[in-house]
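**Q** To start, I am sharing the structure in question, which I have written as structure tokens.
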Amino acid sequence: MSTAYPIPSDISPATVKNTASLLRIVALSLISGAAIASRLFAVINFESIIHEFDPWFNYRATRVLAAKGFYEFWNWFDPTAWYPLGRVVGGTVYPGLMVTSGVIYNILHFLNLPVDIRNVCVLLAPGFSALTAWATYMFTKEMKDESAGLLAAAFIGIVPGYISRSVAGSYDNEAIAIFLLMFTFYCWIKALKQGSALFGTIAAVFYFYMVAAWGGYVFITNMIPLHALVLVLMGRFSDRLYVAYSSWYAIGTLASMQVPFVGFQPVSTSEHMGALGVFGLLQIVAFAQLVRTHVSSQQFQKLLFGSVVAIGVLGFFSFIFLTYKGKIAPWTGRFYSLWDTGYAKKYIPIIASVSEHQPTAWPSFFMDLQFLIFLFPAGVVLCFRELRDEHLFVIIYAVMASYFAGVMVRLMLTLTPVVCVASAVALSTLLDTYIDPTEPVADDDTRSEADSTVTSNGSSAPSKKAKKAAAAAVSAPSKGPLSDLVAAATGSAHAGTGNITTGIFGLDSRGVVVLNVVFMLMFFVFHCTWVTSNAYSSPSVVLASTNPDGSQHIIDDFREAYYWLRQNTPQDAVVMSWWDYGYQIAGMADRPTLVDNNTWNNTHIATVGKAMSSSEEVAYPILRKHDVDYVLVIFGGLIGYSGDDINKFLWMVRIAQGVWPEEIQEPNYFTSQGEYRIDDRASQTMKDSLMYKMSYYRFNELFGGNPGTDRVRQQQVPKEGPTLDYLDEAFTSENWIVSLFPSLSYLAPHHFFRSTSDASNCICSRNSDSDFVSMSLLVLPRW
Amino acid sequence: MFALKRVLLLAVGLASLVSATSSTGNSVLVVVEPKRQDDFSMFFEGLKDQGYELTFRQPKDEKPLIAEYDVAAFAHVVLLASETKNFAKDITPQSLVDLLRLKTNLIIALSTKQTPLSLLAPEFSLILPPPGTPLISYFPKRDEPASLVPITPTKRDATQIISDTSKPIWFSGVPQALGSNPQLVPILHAPAESFASEIDGGSADALVDSAEKGGEGLWAGSQLSVVTGFQTLDGARVTWVGGVDLFSDELAQKVGPDGLKSGNAAFARDIVAWTFQESLVLRIDKVEHHRVNETGPSELYTTNDELVFNAYISKFNPKQGSWEPYSGINDMQLEFTMLDPHIRTALPPVRSVPGKYSVTFRAPDRHGVFKFVVDYKRKGWSHLHSSVTVPIVPPRHDGYPRFLSAAWPYYAGAISTSIAFFLFSALWLAGEVRESAKRPGKAGKAE
């Protein structure tokens, strides 16, 4: 057999095998290192701080867990949240993240490593990203082979779509959830392949972990049954499927019901009914199979088939009936908004107000996935070519995730893993084909068919060689541009020594393709690094801007104001702000808040919206009723921070209008031409609103009495500034980002800050959120 | 023996009367026009005898200041300069309101002239007649001028403040109509047959004129008040007196046409006693809450807990100058509030313990941050307000009943399934040994 380039022939298969295995371990270690390192931009550029909004709650809860133990955490009632309603935290939270950090913290302290709980929280997401890379490797290995696995691990390690939710300090549920997602899928594929109850059980255990960690577990709850259903419909029902699914569903469902927040949802809500239905269907199909092996009559089998269909139809109608009778909870509004993107805007403004619930903009696909987005379809097509059971899974996953990612920005996160897997399969197939040194025998043109199905045939030295080359290519992106160059140089050196240098199997055509791939990988690395460092590493608590001389200027108004609150107000002073800032106030200022990012109570939020959008006279009784001592306002007009309360004001109006349509009407806040203005032409309702008054209170004084210019709206505020009768200004931060206004006997401040030019120009919105089901979200600037 | 005891009691009583004092301090600033200072000597002497330290100041004196660096210099201020139009620059309506915020008590005398003080009165919901229209009454028939009116307190007046309602109180000055402010405490009303008019307006024509005068109408009748108290939300008290002569020596010593002695001296003392926080002063010493059968308070309670709330209330005794437990309130209420009162219940006194008020109730079946609110506001009395925040939490994870009789179908289901599985396993395994592979299939179908 001739080869395209010389291959050492005196190496024993065992040596090749061991070397390949060592290289894989080294490559995986390097990938893990790259995954962790690329997430540390935030710590290096700023400091070791918890980011954004929801992570502040997770961090606070974790501190309670670490300080008081699990049972106190479980029974924790937080009287400072949703004042005066309070929040039963133990029953309304996915505890997986906090428990994970708590366990790590306790292990470290058991080992006499006195690590601060904050550092555990900050570095949890990068740590788990390494595990995600490993889980993706295992998953992809089941799809193709180890080399594809290494490629997929490298992709998921640095792809921006995943980094956006897992930089250091982004202490959110997704930080661990993606690892759990991939590992549960891996166990499921493994269980399905082997018909193993053991792997089914492991899948169930990790499913339970996932349920405890993230509301997005519903994705698994529906993906696996869908896969099983498709297999049954394709006539691929087997005992393996039956064992894998039954063990996963029975154990996983029982386990998931132990999470207090989930409770009886798996048997009472529509989102979980698919899994239950497929479970029942599998029992019926299995029973039918059993009967078929014992009965020979053709008619009886037809009868049986008819009864199976009848039972299925009956079950479907009983589901409809139960839903109609209210025994099964109907679909939630969030679910509808997945199918009709205009639904939320019409009926649930509070969901629509969250920027990460907006449909995804096209550029953000490229921003988050770069060249993977066009390798992805190729990978899916390759899956069709083989179409084993596990390939069906990837296909279904790809279709579902693509749709959801197009509907909601935040669901880009669930798309990212399958894109990495499919792209790795495609790229690995390409490299296998072009690096494989085997020359076809002239009269044998079925060669290419074999190429695409390179399997773990250990005795074939050439294919081993191909794998090693692929492994080297995989590890290259994580090592940086220098090693890419080395790899490229080595490749061309090989090319020079070949027997055949031209033609379709010649080294030149191989070289062109391989070099192209290497260049694409290199640019992918550059792109990921750039996006990560510029767009995804801002803590949003601290903002950075660039001075004219290029140096960095830190804008720290948020913390300035929160610490002012912490130092200057009584412990029980209630702070009212828009809900975006609730978690931060609780976490940094340690003061009770009226509403926070866990937006379960629309009425309470609407109450705050009403207070903000009403005149002082109307707002004051509301403030008194809720014992409000301070009102916190974010105002970016002075330094051009666009994510301020005036820009979010219309959402407050809309949400309040949803509850009090007679008292608050959105059109009143526009000028007669329908413009949203804050200058002289602003409507009287707008000028009378508490939010407007607080934002522009004494603004003109900064300009020596001349009308000031709002740099966000690019409008001049009226010459006569607003006056406040019931509130007073207590504190305004350096850049006027944050202001606090005390009601009546107290004073309140004015606070604010603005974001870096880079981050605010970034196309992607990255917002925090805690989970799919309990909506804890916030409005952030998107541009 | 008996007589001796009475004398002794009297002596003690007199001594304590002399030391009768305010609950908030004894320093008094009197702002009085120098030429009139001697007219009120009896009033001033009475104050000194009670233990007050008087500081006199003329309206235009720069010193002593009423407040310095946002700290009130005196516990009480008496403004008798009712006709002065120009005060020193630290005495302005705004500064007086600030003084009230600093819990200084004020007695402010008005006159028929328009002064800065009469401009302040409307801020306290007092509506004064036009300048130059004193209170006039021709009844009862008497030798004195019509503008010097004897007023005998009636039931409509603040009988808890006025100690002696039998003697007439001679009044000369301007009446006030009252707005709807609930913090007003009318102390003495004008007689029913009196009215406000110009001095020479006794003729019927003048009355008709004034009744028809552009929208201002006739100021007449017992709805008018001549001495009005006002208690701020903070508890500071201010008394508006329609005429400064009420305090004068002349009227205090006056003997009426029917031979009755004037009640002015006693009334002036009553006004001072109320305004200077001697009488009708209550306070909540402490409140406590705990579960039934426990003694100490808990940081949080569980829904449906039986809770005990105690309040200890004291009343100031000016004779002793001390606070004494007070059990005389029978209409106090406790509210257990989260946004709205979830429970509103009577808070009755406990007979066995003076000053203690107690109630036991069951916490609502609703978690949240609740407040124990006592809010007792009665005209003339100092306001009692207490708010204690306490979270009500759902039961702990192990706080629910463990075994429910209603759940027996589920227990039975679980137990029977376990037993059936055990039997099935036993049959399966046993059958495996004895026979060949057909047995399991049958066993499976049998199940």
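Each chain of the structure tokens is named A, B, ... in the order shown, its residues numbered from 1; ligands are numbered from 1 in display order.
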With a distance cut-off of 12 Å and only C-alpha atoms, select the neighbouring residues of segment 88-96 of chain B, excluding the residue or stretch itself and same-chain residues fewer than 4 positions from it, and output the selection as a VMD selection string.

**A** chain B and resid 31 57 to 68 70 to 72 76 to 79 81 84 100 to 108 115 to 124 236 to 238

**Q** What would the file look like if the residues just selected were written as a tab-separated table (two decimals), in the first residue's frame with N, CA and C atoms?

**A**
```tsv
chain	number	residue	atom	x	y	z
B	31	VAL	N	-41.06	85.77	75.06
B	31	VAL	CA	-40.85	86.94	74.20
B	31	VAL	C	-42.02	87.88	74.45
B	57	ARG	N	-37.12	88.08	76.80
B	57	ARG	CA	-36.45	88.63	75.63
B	57	ARG	C	-37.44	89.55	74.94
B	58	GLN	N	-36.91	90.67	74.50
B	58	GLN	CA	-37.77	91.58	73.75
B	58	GLN	C	-37.83	91.13	72.29
B	59	PRO	N	-38.93	91.47	71.65
B	59	PRO	CA	-39.09	90.97	70.27
B	59	PRO	C	-37.93	91.32	69.37
B	60	LYS	N	-37.31	92.49	69.63
B	60	LYS	CA	-36.26	92.89	68.70
B	60	LYS	C	-34.86	92.56	69.20
B	61	ASP	N	-34.79	91.96	70.39
B	61	ASP	CA	-33.46	91.57	70.88
B	61	ASP	C	-32.87	90.50	69.98
B	62	GLU	N	-31.56	90.59	69.82
B	62	GLU	CA	-30.91	89.57	68.99
B	62	GLU	C	-30.65	88.30	69.79
B	63	LYS	N	-30.55	88.45	71.12
B	63	LYS	CA	-30.18	87.31	71.96
B	63	LYS	C	-31.21	87.17	73.05
B	64	PRO	N	-31.38	86.04	73.65
B	64	PRO	CA	-30.80	84.75	73.22
B	64	PRO	C	-31.54	84.17	72.03
B	65	LEU	N	-30.81	83.48	71.20
B	65	LEU	CA	-31.42	82.86	70.03
B	65	LEU	C	-32.36	81.74	70.45
B	66	ILE	N	-33.39	81.50	69.65
B	66	ILE	CA	-34.30	80.42	69.99
B	66	ILE	C	-33.71	79.06	69.61
B	67	ALA	N	-32.86	79.06	68.62
B	67	ALA	CA	-32.23	77.80	68.23
B	67	ALA	C	-30.87	78.11	67.64
B	68	GLU	N	-29.96	77.29	67.96
B	68	GLU	CA	-28.60	77.50	67.45
B	68	GLU	C	-28.08	76.18	66.90
B	70	ASP	N	-29.17	74.25	64.79
B	70	ASP	CA	-30.21	73.23	64.65
B	70	ASP	C	-30.54	72.55	65.98
B	71	VAL	N	-30.17	73.19	67.08
B	71	VAL	CA	-30.53	72.65	68.39
B	71	VAL	C	-31.36	73.71	69.08
B	72	ALA	N	-32.53	73.31	69.58
B	72	ALA	CA	-33.38	74.28	70.26
B	72	ALA	C	-32.74	74.70	71.57
B	76	HIS	N	-39.40	75.34	75.91
B	76	HIS	CA	-40.69	75.93	75.60
B	76	HIS	C	-40.49	77.39	75.26
B	77	VAL	N	-41.36	77.89	74.39
B	77	VAL	CA	-41.28	79.30	74.03
B	77	VAL	C	-42.68	79.89	74.14
B	78	VAL	N	-42.77	81.03	74.82
B	78	VAL	CA	-44.05	81.72	74.95
B	78	VAL	C	-43.92	83.04	74.20
B	79	LEU	N	-44.74	83.22	73.19
B	79	LEU	CA	-44.68	84.45	72.40
B	79	LEU	C	-45.88	85.30	72.78
B	81	ALA	N	-45.73	88.64	72.53
B	81	ALA	CA	-45.65	89.90	71.79
B	81	ALA	C	-46.60	89.84	70.61
B	84	THR	N	-46.51	92.91	67.91
B	84	THR	CA	-45.26	93.28	67.27
B	84	THR	C	-45.27	92.85	65.82
B	100	LEU	N	-40.82	73.58	66.21
B	100	LEU	CA	-41.74	72.48	66.50
B	100	LEU	C	-41.13	71.15	66.07
B	101	ARG	N	-40.41	71.18	64.98
B	101	ARG	CA	-39.77	69.95	64.52
B	101	ARG	C	-38.72	69.50	65.54
B	102	LEU	N	-38.15	70.48	66.23
B	102	LEU	CA	-37.18	70.15	67.27
B	102	LEU	C	-37.86	69.87	68.61
B	103	LYS	N	-39.16	69.71	68.56
B	103	LYS	CA	-39.96	69.33	69.73
B	103	LYS	C	-40.00	70.41	70.79
B	104	THR	N	-39.88	71.64	70.39
B	104	THR	CA	-40.10	72.74	71.33
B	104	THR	C	-41.59	73.06	71.34
B	105	ASN	N	-42.15	73.32	72.53
B	105	ASN	CA	-43.55	73.65	72.63
B	105	ASN	C	-43.72	75.16	72.59
B	106	LEU	N	-44.82	75.60	71.99
B	106	LEU	CA	-45.01	77.03	71.81
B	106	LEU	C	-46.36	77.45	72.36
B	107	ILE	N	-46.40	78.62	72.98
B	107	ILE	CA	-47.66	79.31	73.21
B	107	ILE	C	-47.58	80.59	72.42
B	108	ILE	N	-48.51	80.78	71.53
B	108	ILE	CA	-48.45	81.94	70.66
B	108	ILE	C	-49.73	82.76	70.86
B	115	THR	N	-49.88	90.43	61.99
B	115	THR	CA	-48.46	90.30	62.31
B	115	THR	C	-47.94	89.04	61.62
B	116	PRO	N	-46.64	88.84	61.66
B	116	PRO	CA	-46.12	87.59	61.07
B	116	PRO	C	-46.76	86.36	61.71
B	117	LEU	N	-47.10	86.47	62.98
B	117	LEU	CA	-47.65	85.30	63.65
B	117	LEU	C	-49.07	85.00	63.16
B	118	SER	N	-49.83	86.07	62.90
B	118	SER	CA	-51.18	85.80	62.43
B	118	SER	C	-51.14	85.25	61.00
B	119	LEU	N	-50.06	85.51	60.30
B	119	LEU	CA	-49.93	84.91	58.98
B	119	LEU	C	-49.55	83.43	59.07
B	120	LEU	N	-48.94	83.08	60.19
B	120	LEU	CA	-48.55	81.67	60.37
B	120	LEU	C	-49.75	80.81	60.72
B	121	ALA	N	-50.75	81.42	61.39
B	121	ALA	CA	-51.88	80.64	61.90
B	121	ALA	C	-52.57	79.80	60.83
B	122	PRO	N	-52.78	80.32	59.62
B	122	PRO	CA	-53.47	79.48	58.64
B	122	PRO	C	-52.73	78.18	58.34
B	123	GLU	N	-51.42	78.17	58.53
B	123	GLU	CA	-50.68	76.93	58.31
B	123	GLU	C	-51.10	75.84	59.29
B	124	PHE	N	-51.72	76.26	60.38
B	124	PHE	CA	-52.17	75.30	61.38
B	124	PHE	C	-53.70	75.11	61.29
B	236	ALA	N	-44.87	67.59	69.49
B	236	ALA	CA	-44.72	68.96	70.00
B	236	ALA	C	-46.09	69.63	70.04
B	237	ARG	N	-46.27	70.50	71.00
B	237	ARG	CA	-47.58	71.12	71.15
B	237	ARG	C	-47.45	72.63	70.98
B	238	VAL	N	-48.44	73.19	70.34
B	238	VAL	CA	-48.47	74.63	70.17
B	238	VAL	C	-49.89	75.08	70.49
```

**Q** Name all residues at most 6 Å from Val374 of chain B (count only C-alpha atoms; drop same-chain ones fewer than 6 positions away) and give them as a list in words.

**A**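 Those residues are Leu334, His385 and Ser386 of chain B.
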
**Q** Taking only C-alpha atoms into account and nothing else, which residues of chain A lie no more than 12 Å away from chain B? Please answer as a PDB file with C-alpha atoms, in the first residue's frame.

**A**
```
ATOM      1  CA  PHE A  70     -27.627  23.546  54.297  1.00  0.00           C
ATOM      2  CA  TYR A  71     -30.717  23.214  56.441  1.00  0.00           C
ATOM      3  CA  GLU A  72     -30.755  26.877  57.390  1.00  0.00           C
ATOM      4  CA  PHE A  73     -30.376  27.689  53.717  1.00  0.00           C
ATOM      5  CA  TRP A  74     -33.208  25.378  52.839  1.00  0.00           C
ATOM      6  CA  ASN A  75     -35.472  27.087  55.371  1.00  0.00           C
ATOM      7  CA  TRP A  76     -34.186  30.555  54.642  1.00  0.00           C
ATOM      8  CA  PHE A  77     -36.900  33.161  54.549  1.00  0.00           C
ATOM      9  CA  ASP A  78     -35.504  36.433  53.288  1.00  0.00           C
ATOM     10  CA  PRO A  79     -37.497  39.272  54.856  1.00  0.00           C
ATOM     11  CA  THR A  80     -35.532  41.923  52.985  1.00  0.00           C
ATOM     12  CA  ALA A  81     -36.615  40.845  49.509  1.00  0.00           C
ATOM     13  CA  TRP A  82     -39.951  41.883  48.076  1.00  0.00           C
ATOM     14  CA  TYR A  83     -40.600  43.949  51.151  1.00  0.00           C
ATOM     15  CA  PRO A  84     -42.988  43.469  52.816  1.00  0.00           C
ATOM     16  CA  LEU A  85     -43.908  40.179  51.176  1.00  0.00           C
ATOM     17  CA  GLY A  86     -40.615  38.483  51.845  1.00  0.00           C
ATOM     18  CA  ARG A  87     -39.268  35.594  49.860  1.00  0.00           C
ATOM     19  CA  VAL A  88     -39.167  31.939  50.793  1.00  0.00           C
ATOM     20  CA  VAL A  89     -35.761  31.487  49.248  1.00  0.00           C
ATOM     21  CA  GLY A  90     -35.386  27.793  49.979  1.00  0.00           C
ATOM     22  CA  GLY A  91     -38.546  26.987  48.071  1.00  0.00           C
ATOM     23  CA  PRO A 260     -38.660  21.999  46.488  1.00  0.00           C
ATOM     24  CA  PHE A 287     -45.905  -4.825  25.702  1.00  0.00           C
ATOM     25  CA  LEU A 290     -43.761  -8.954  23.899  1.00  0.00           C
ATOM     26  CA  VAL A 291     -47.172 -10.108  22.751  1.00  0.00           C
ATOM     27  CA  THR A 293     -43.290 -12.693  20.021  1.00  0.00           C
ATOM     28  CA  HIS A 294     -45.933 -14.981  21.515  1.00  0.00           C
ATOM     29  CA  ASP A 572     -33.928  48.384  58.046  1.00  0.00           C
ATOM     30  CA  ALA A 573     -34.239  51.349  55.675  1.00  0.00           C
ATOM     31  CA  PRO A 592     -34.471  45.675  52.085  1.00  0.00           C
ATOM     32  CA  LEU A 594     -39.325  46.410  47.255  1.00  0.00           C
ATOM     33  CA  HIS A 604     -45.666  44.348  43.144  1.00  0.00           C
ATOM     34  CA  PRO A 621     -49.089  57.260  49.711  1.00  0.00           C
ATOM     35  CA  ILE A 622     -47.692  54.257  47.858  1.00  0.00           C
ATOM     36  CA  LEU A 623     -44.272  54.931  49.289  1.00  0.00           C
ATOM     37  CA  ARG A 624     -45.682  55.316  52.775  1.00  0.00           C
ATOM     38  CA  LYS A 625     -47.694  52.158  52.547  1.00  0.00           C
ATOM     39  CA  HIS A 626     -44.578  50.220  51.678  1.00  0.00           C
ATOM     40  CA  ASP A 627     -42.449  51.941  54.320  1.00  0.00           C
ATOM     41  CA  VAL A 628     -40.106  53.245  51.653  1.00  0.00           C
ATOM     42  CA  SER A 745     -38.076  62.622  56.695  1.00  0.00           C
TER      43      SER A 745
END
```

**Q** Of the candidates A:Phe371, A:Tyr186, A:Trp660, A:Trp134, which one gets nearest to Met522 of chain A if we count only C-alpha atoms?

**A**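 Result for the nearest residue to Met522 of chain A: A:Phe371.
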
**Q** Pick out each residue of segment 253-290 of chain B that DSSP on the backbone tags as alpha helix (DSSP H); I need them as a PyMOL selection string.

**A** chain B and resi 264-275

**Q** Atom CA of Leu97 of chain A and atom CA of His357 of chain A are how many Å apart?

**A**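 Going from atom CA of Leu97 of chain A over to atom CA of His357 of chain A, I get 22.5 Å.
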
**Q** Residues near Arg39 of chain A, anyone? I mean within 12 Å using only C-alpha atoms, not counting same-chain ones fewer than 5 positions away, as a ChimeraX atom specification.

**A** /A:32-34,44-45,48,122-130,157-160,162-170,175,528-538

**Q** Considering only C-alpha atoms, return as a ChimeraX atom specification whatever protein or nucleic-acid residues lie within 6 Å of Val575 of chain A, sequence-local ones (same chain, fewer than 6 positions apart) excluded.

**A** /A:593,628,630-631

**Q** When you draw a straight line from atom CA of Phe155 of chain A to atom CA of Ile178 of chain A, how long is it in Å?

**A**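 Atom CA of Phe155 of chain A sits 14.0 Å away from atom CA of Ile178 of chain A.
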
**Q** With a distance cut-off of 9 Å and only C-alpha atoms, select the neighbouring residues of Gln231 of chain B, excluding the residue or stretch itself and same-chain residues fewer than 3 positions from it, and output the selection as a list in words.

**A**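 Skipping anything fewer than 3 positions along the chain leaves Gln183, Leu184, Val185, Asp234, Gly235, Ala236, Arg237, Val238, Thr239, Thr275, Lys379, Gly380, Trp381, Ser382 and His383 of chain B.
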
**Q** Take the residues just selected and output them with all heavy atoms as a compact mmCIF listing (two decimals), in the first residue's frame.

**A**
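And here is the file that came out, again.txt:
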```
# COMPACT_ATOMS: atom_id res chain seq x y z
N GLN B 183 -55.32 67.28 63.79
CA GLN B 183 -54.38 67.49 64.88
C GLN B 183 -54.74 68.70 65.73
O GLN B 183 -54.07 68.98 66.72
CB GLN B 183 -52.97 67.67 64.31
CG GLN B 183 -52.41 66.38 63.76
CD GLN B 183 -51.36 66.62 62.70
OE1 GLN B 183 -51.65 66.68 61.52
NE2 GLN B 183 -50.14 66.80 63.14
N LEU B 184 -55.79 69.41 65.35
CA LEU B 184 -56.24 70.56 66.15
C LEU B 184 -56.92 70.08 67.42
O LEU B 184 -57.65 69.09 67.42
CB LEU B 184 -57.23 71.39 65.34
CG LEU B 184 -56.65 72.33 64.29
CD1 LEU B 184 -57.77 72.97 63.50
CD2 LEU B 184 -55.79 73.39 64.95
N VAL B 185 -56.67 70.78 68.50
CA VAL B 185 -57.33 70.48 69.77
C VAL B 185 -58.00 71.77 70.24
O VAL B 185 -57.35 72.61 70.88
CB VAL B 185 -56.31 70.01 70.82
CG1 VAL B 185 -57.03 69.58 72.09
CG2 VAL B 185 -55.46 68.88 70.27
N ASP B 234 -45.00 64.80 65.60
CA ASP B 234 -43.86 64.46 66.45
C ASP B 234 -44.20 64.55 67.92
O ASP B 234 -43.40 64.12 68.76
CB ASP B 234 -42.69 65.41 66.17
CG ASP B 234 -42.13 65.20 64.79
OD1 ASP B 234 -42.38 64.12 64.23
OD2 ASP B 234 -41.46 66.10 64.29
N GLY B 235 -45.30 65.18 68.26
CA GLY B 235 -45.66 65.31 69.67
C GLY B 235 -45.44 66.69 70.25
O GLY B 235 -45.78 66.93 71.41
N ALA B 236 -44.87 67.59 69.49
CA ALA B 236 -44.72 68.96 70.00
C ALA B 236 -46.09 69.63 70.04
O ALA B 236 -46.96 69.33 69.22
CB ALA B 236 -43.78 69.75 69.10
N ARG B 237 -46.27 70.50 71.00
CA ARG B 237 -47.58 71.12 71.15
C ARG B 237 -47.45 72.63 70.98
O ARG B 237 -46.48 73.24 71.44
CB ARG B 237 -48.16 70.81 72.53
CG ARG B 237 -48.55 69.34 72.66
CD ARG B 237 -48.93 68.98 74.07
NE ARG B 237 -49.39 67.60 74.15
CZ ARG B 237 -49.76 67.02 75.28
NH1 ARG B 237 -49.70 67.67 76.43
NH2 ARG B 237 -50.17 65.77 75.27
N VAL B 238 -48.44 73.19 70.34
CA VAL B 238 -48.47 74.63 70.17
C VAL B 238 -49.89 75.08 70.49
O VAL B 238 -50.86 74.44 70.09
CB VAL B 238 -48.02 75.04 68.75
CG1 VAL B 238 -48.78 74.28 67.70
CG2 VAL B 238 -48.20 76.53 68.54
N THR B 239 -50.01 76.15 71.28
CA THR B 239 -51.32 76.66 71.64
C THR B 239 -51.45 78.09 71.14
O THR B 239 -50.58 78.93 71.38
CB THR B 239 -51.51 76.64 73.16
OG1 THR B 239 -51.37 75.29 73.61
CG2 THR B 239 -52.89 77.14 73.53
N THR B 275 -49.68 72.61 77.22
CA THR B 275 -48.72 72.95 76.17
C THR B 275 -47.31 72.51 76.54
O THR B 275 -46.55 72.05 75.69
CB THR B 275 -48.73 74.46 75.91
OG1 THR B 275 -50.06 74.90 75.80
CG2 THR B 275 -47.96 74.79 74.66
N LYS B 379 -57.62 63.25 70.67
CA LYS B 379 -57.42 64.69 70.75
C LYS B 379 -56.93 65.09 72.13
O LYS B 379 -57.51 64.69 73.15
CB LYS B 379 -58.73 65.40 70.45
CG LYS B 379 -58.87 65.75 68.98
CD LYS B 379 -60.00 66.73 68.77
CE LYS B 379 -60.48 66.80 67.33
NZ LYS B 379 -59.51 67.14 66.33
N GLY B 380 -55.89 65.85 72.18
CA GLY B 380 -55.37 66.35 73.44
C GLY B 380 -54.31 65.46 74.05
O GLY B 380 -53.40 65.95 74.69
N TRP B 381 -54.43 64.18 73.84
CA TRP B 381 -53.44 63.26 74.40
C TRP B 381 -52.25 63.16 73.45
O TRP B 381 -52.39 63.30 72.24
CB TRP B 381 -54.04 61.87 74.57
CG TRP B 381 -55.12 61.82 75.60
CD1 TRP B 381 -56.43 62.13 75.41
CD2 TRP B 381 -54.98 61.47 76.97
NE1 TRP B 381 -57.13 61.99 76.57
CE2 TRP B 381 -56.26 61.58 77.57
CE3 TRP B 381 -53.91 61.08 77.77
CZ2 TRP B 381 -56.49 61.32 78.90
CZ3 TRP B 381 -54.14 60.80 79.10
CH2 TRP B 381 -55.41 60.92 79.66
N SER B 382 -51.10 62.90 74.04
CA SER B 382 -49.96 62.68 73.15
C SER B 382 -50.20 61.38 72.39
O SER B 382 -50.82 60.45 72.88
CB SER B 382 -48.66 62.62 73.94
OG SER B 382 -48.81 61.81 75.06
N HIS B 383 -49.69 61.37 71.17
CA HIS B 383 -49.94 60.21 70.32
C HIS B 383 -49.06 59.05 70.74
O HIS B 383 -47.89 59.23 71.05
CB HIS B 383 -49.63 60.58 68.86
CG HIS B 383 -50.50 61.67 68.33
ND1 HIS B 383 -50.22 62.37 67.21
CD2 HIS B 383 -51.65 62.18 68.80
CE1 HIS B 383 -51.15 63.29 66.99
NE2 HIS B 383 -52.03 63.18 67.96
```

**Q** Using the chain letters and numbers from this document, which residues of segment 207-412 of chain B does DSSP assign to strand (DSSP E or B), as an MDAnalysis selection string?

**A** chainID B and resid 219:220 225:231 237:241 255 261 282:291 301:302 306:317 322:325 333:338 340:346 349 356:362 368:376 384:393
